[in-house]
>>> print(open('query.txt').read())   # compact mmCIF, C-alpha atoms
# COMPACT_ATOMS: atom_id res chain seq x y z
CA MET A 258 -124.80 -107.91 -59.07
CA LEU A 259 -121.56 -106.27 -57.99
CA THR A 260 -118.95 -106.49 -60.75
CA PRO A 261 -115.35 -105.26 -60.97
CA LYS A 262 -116.51 -102.40 -63.21
CA LYS A 263 -119.19 -101.29 -60.72
CA LEU A 264 -116.73 -101.57 -57.85
CA ASN A 265 -114.17 -99.47 -59.73
CA TRP A 266 -116.80 -96.77 -60.26
CA MET A 267 -117.59 -96.91 -56.55
CA VAL A 268 -113.89 -96.48 -55.75
CA LEU A 269 -113.71 -93.48 -58.10
CA TRP A 270 -116.63 -91.72 -56.38
CA GLN A 271 -116.25 -92.86 -52.77
CA LEU A 272 -112.49 -93.46 -52.46
CA PRO A 273 -110.92 -91.05 -54.95
CA SER A 274 -107.46 -91.21 -53.36
CA ALA A 275 -107.36 -94.98 -53.96
CA TYR A 276 -108.54 -94.48 -57.54
CA LEU A 277 -105.91 -91.80 -58.21
CA CYS A 278 -103.25 -94.17 -56.86
CA GLY A 279 -104.31 -96.78 -59.41
CA VAL A 280 -106.18 -99.24 -57.19
CA ARG A 281 -108.48 -101.32 -59.45
CA THR A 282 -110.63 -104.39 -58.98
CA HIS A 283 -109.53 -106.99 -61.51
CA PHE A 284 -111.70 -110.00 -60.54
CA LEU A 285 -114.68 -110.54 -58.24
CA ASN A 286 -117.07 -113.39 -57.60
CA GLU A 287 -118.66 -114.92 -54.48
CA LYS A 288 -115.47 -116.80 -53.56
CA SER A 289 -112.58 -114.53 -54.50
CA CYS A 290 -111.50 -110.98 -55.25
CA THR A 291 -108.31 -109.68 -56.86
CA VAL A 292 -107.38 -106.01 -56.69
CA THR A 293 -104.37 -104.66 -58.56
CA VAL A 294 -102.19 -101.61 -58.35
CA ARG A 295 -99.21 -100.71 -60.53
CA LEU A 296 -96.21 -98.75 -59.26
CA ASN A 297 -96.09 -95.25 -60.72
CA ARG A 298 -94.85 -91.83 -59.80
CA ILE A 299 -97.94 -90.86 -57.78
CA ASN A 300 -97.97 -93.93 -55.52
CA GLN A 301 -94.29 -94.62 -54.88
CA ASN A 302 -92.27 -94.06 -51.75
CA PRO A 303 -88.79 -92.47 -51.70
CA PHE A 304 -87.24 -95.94 -52.12
CA GLY A 305 -88.80 -96.60 -55.52
CA SER A 306 -91.48 -99.08 -54.48
CA LEU A 307 -95.19 -98.86 -53.68
CA TYR A 308 -95.98 -96.74 -50.66
CA PHE A 309 -97.25 -99.04 -47.89
CA ALA A 310 -100.54 -97.15 -47.58
CA VAL A 311 -101.29 -97.76 -51.26
CA GLU A 312 -100.61 -101.47 -50.79
CA THR A 313 -102.91 -101.45 -47.77
CA MET A 314 -105.71 -99.70 -49.72
CA ALA A 315 -105.58 -102.36 -52.43
CA ALA A 316 -105.34 -105.18 -49.89
CA GLU A 317 -108.27 -103.90 -47.83
CA LEU A 318 -110.45 -103.54 -50.92
CA SER A 319 -109.81 -107.18 -51.88
CA THR A 320 -111.38 -108.25 -48.56
CA ALA A 321 -114.10 -105.58 -48.40
CA ALA A 322 -115.32 -106.46 -51.90
CA LEU A 323 -116.22 -109.97 -50.71
CA LEU A 324 -118.30 -108.46 -47.89
CA LEU A 325 -119.99 -106.05 -50.29
CA TYR A 326 -120.70 -108.85 -52.78
CA GLN A 327 -122.26 -111.11 -50.14
CA ASN A 328 -124.13 -108.21 -48.50
CA GLU A 329 -125.80 -107.47 -51.82
CA GLN A 330 -127.24 -111.02 -51.87
CA ASN A 331 -129.18 -110.58 -48.58
CA THR A 332 -132.36 -108.71 -47.74
CA THR A 333 -130.97 -107.89 -44.28
CA LYS A 334 -128.00 -105.61 -44.79
CA ILE A 335 -124.90 -105.52 -42.60
CA ALA A 336 -122.76 -102.73 -41.24
CA MET A 337 -119.04 -103.42 -41.58
CA LEU A 338 -115.93 -101.95 -40.04
CA ILE A 339 -112.27 -102.85 -39.81
CA ALA A 340 -111.29 -103.33 -36.17
CA GLU A 341 -107.62 -104.21 -36.65
CA ASN A 342 -105.07 -105.05 -39.31
CA LYS A 343 -101.68 -106.74 -39.53
CA CYS A 344 -99.20 -106.44 -42.37
CA VAL A 345 -96.07 -108.37 -43.26
CA PHE A 346 -93.98 -106.95 -46.08
CA LYS A 347 -91.76 -109.61 -47.65
CA GLN A 348 -90.01 -107.59 -50.37
CA LYS A 349 -90.22 -104.34 -52.34
CA ALA A 350 -93.48 -103.94 -54.26
CA ILE A 351 -92.38 -103.03 -57.78
CA GLY A 352 -94.42 -103.29 -60.98
CA LYS A 353 -97.99 -104.57 -60.90
CA ILE A 354 -99.07 -106.02 -57.56
CA SER A 355 -102.19 -108.19 -57.23
CA PHE A 356 -103.90 -108.69 -53.88
CA THR A 357 -106.17 -111.74 -53.72
CA CYS A 358 -108.54 -112.80 -50.96
CA ASP A 359 -110.27 -116.13 -51.55
CA GLN A 360 -112.31 -116.46 -48.35
CA GLY A 361 -115.72 -115.74 -49.88
CA ASP A 362 -117.25 -118.94 -48.49
CA GLN A 363 -116.20 -117.92 -44.98
CA VAL A 364 -117.61 -114.41 -45.50
CA LYS A 365 -120.97 -115.81 -46.63
CA GLN A 366 -121.18 -118.13 -43.64
CA ILE A 367 -120.33 -115.43 -41.10
CA ILE A 368 -122.78 -112.94 -42.61
CA GLN A 369 -125.50 -115.59 -42.38
CA GLN A 370 -124.53 -116.22 -38.72
CA ALA A 371 -124.72 -112.50 -37.95
CA ILE A 372 -128.14 -112.16 -39.59
CA ALA A 373 -129.51 -115.31 -37.91
CA SER A 374 -128.27 -114.34 -34.45
CA GLY A 375 -128.80 -110.60 -34.78
CA GLU A 376 -125.40 -110.14 -33.14
CA SER A 377 -122.11 -108.70 -34.31
CA GLN A 378 -119.37 -111.01 -35.53
CA LYS A 379 -115.61 -110.49 -35.77
CA PHE A 380 -113.41 -112.45 -38.13
CA TRP A 381 -110.06 -112.24 -39.89
CA LEU A 382 -109.62 -112.14 -43.65
CA GLN A 383 -106.21 -112.51 -45.27
CA THR A 384 -105.07 -111.24 -48.64
CA GLU A 385 -101.86 -112.07 -50.44
CA GLY A 386 -100.02 -109.48 -52.52
CA LYS A 387 -98.00 -110.94 -55.39
CA ASN A 388 -95.83 -109.33 -58.03
CA GLU A 389 -95.89 -110.18 -61.73
CA ASN A 390 -93.50 -113.10 -61.12
CA GLY A 391 -95.92 -114.65 -58.62
CA GLU A 392 -93.69 -113.83 -55.64
CA ILE A 393 -95.39 -112.79 -52.42
CA VAL A 394 -94.55 -109.19 -51.58
CA ALA A 395 -97.03 -108.70 -48.72
CA LEU A 396 -99.44 -110.60 -46.50
CA MET A 397 -102.19 -108.55 -44.93
CA ASP A 398 -104.82 -109.57 -42.41
CA PHE A 399 -107.90 -107.51 -41.60
CA LEU A 400 -110.14 -108.06 -38.58
CA TRP A 401 -113.64 -107.23 -39.77
CA SER A 402 -116.51 -106.49 -37.44
CA ILE A 403 -119.99 -106.86 -38.90
CA LYS A 404 -123.48 -106.57 -37.52
CA PRO A 405 -126.95 -106.65 -39.03
CA LYS A 406 -128.56 -103.29 -39.69
CA HIS A 407 -131.95 -102.88 -38.11
CA THR A 408 -134.14 -100.59 -40.16
>>> encode(input="query.txt", output="structure tokens")
Amino acid sequence: MLTPKKLNWMVLWQLPSAYLCGVRTHFLNEKSCTVTVRLNRINQNPFGSLYFAVETMAAELSTAALLLYQNEQNTTKIAMLIAENKCVFKQKAIGKISFTCDQGDQVKQIIQQAIASGESQKFWLQTEGKNENGEIVALMDFLWSIKPKHT
């Protein structure tokens, strides 16, 4: 079963730039994923807040982890790709930022549809970035495209 620890190891080996920037999976189950990143010297922009690309890496991982988690549960595997993304930055990202996506039920259903139909599916997942005070600093939406792998 995919756990936050396993996912963090995967990030270290497959996405080392995200790991170096401090992107870490904090929580993961079939319904929800929270990925955190803390502002530090290596990931800040010239204005003293998180660089937008670092925020986007953490946000994307919070959605991708749900796909990876659900994909692991099936015998038919899926290929996945981001087709589009939208970001709204509400305020400066300072301190520890947590991105949470809680659309695991939707992910499971769409993966099952893709496997049953044998056709690709596109769907939006949203993640919310909050600071340590619980204030929303960013809303990010990712359009995922998935399709069953035929081996």
>>> closest_residue(input="query.txt", among="A:Ile403, A:Met258, A:Cys278, A:Ile299", to="A:Gln370", atoms="all atoms listed in the file")
A:Ile403
>>> residues_around(input="query.txt", residues="stretch 260-266 of chain A", least_positions_apart="3", cutoff="9 Å", atoms="only C-alpha atoms", output="tab-separated table (two decimals) with C-alpha atoms, in the frame of the given file")
chain	number	residue	atom	x	y	z
A	269	LEU	CA	-113.71	-93.48	-58.10
A	270	TRP	CA	-116.63	-91.72	-56.38
A	271	GLN	CA	-116.25	-92.86	-52.77
A	276	TYR	CA	-108.54	-94.48	-57.54
A	280	VAL	CA	-106.18	-99.24	-57.19
A	281	ARG	CA	-108.48	-101.32	-59.45
A	282	THR	CA	-110.63	-104.39	-58.98
A	283	HIS	CA	-109.53	-106.99	-61.51
A	284	PHE	CA	-111.70	-110.00	-60.54
A	285	LEU	CA	-114.68	-110.54	-58.24
A	286	ASN	CA	-117.07	-113.39	-57.60
A	290	CYS	CA	-111.50	-110.98	-55.25
A	322	ALA	CA	-115.32	-106.46	-51.90
A	326	TYR	CA	-120.70	-108.85	-52.78
>>> closest_residue(input="query.txt", among="A:Thr320, A:Gln363, A:Gln348, A:Ser306", to="A:Val394", atoms="all atoms listed in the file")
A:Gln348
>>> atom_distance(input="query.txt", atom1="atom CA of A:Leu296", atom2="atom CA of A:Met267")
21.6 Å
>>> residues_near_point(input="query.txt", point="(-130.5, -113.5, -36.0)", cutoff="12 Å", atoms="all atoms listed in the file", output="MDAnalysis selection string")
chainID A and resid 333 335 367:378 404:407
>>> residues_around(input="query.txt", residues="A:Val294", least_positions_apart="2", cutoff="6 Å", atoms="all atoms listed in the file", output="list in words")
Gly279, Val280, Lys353 and Ile354 of chain A
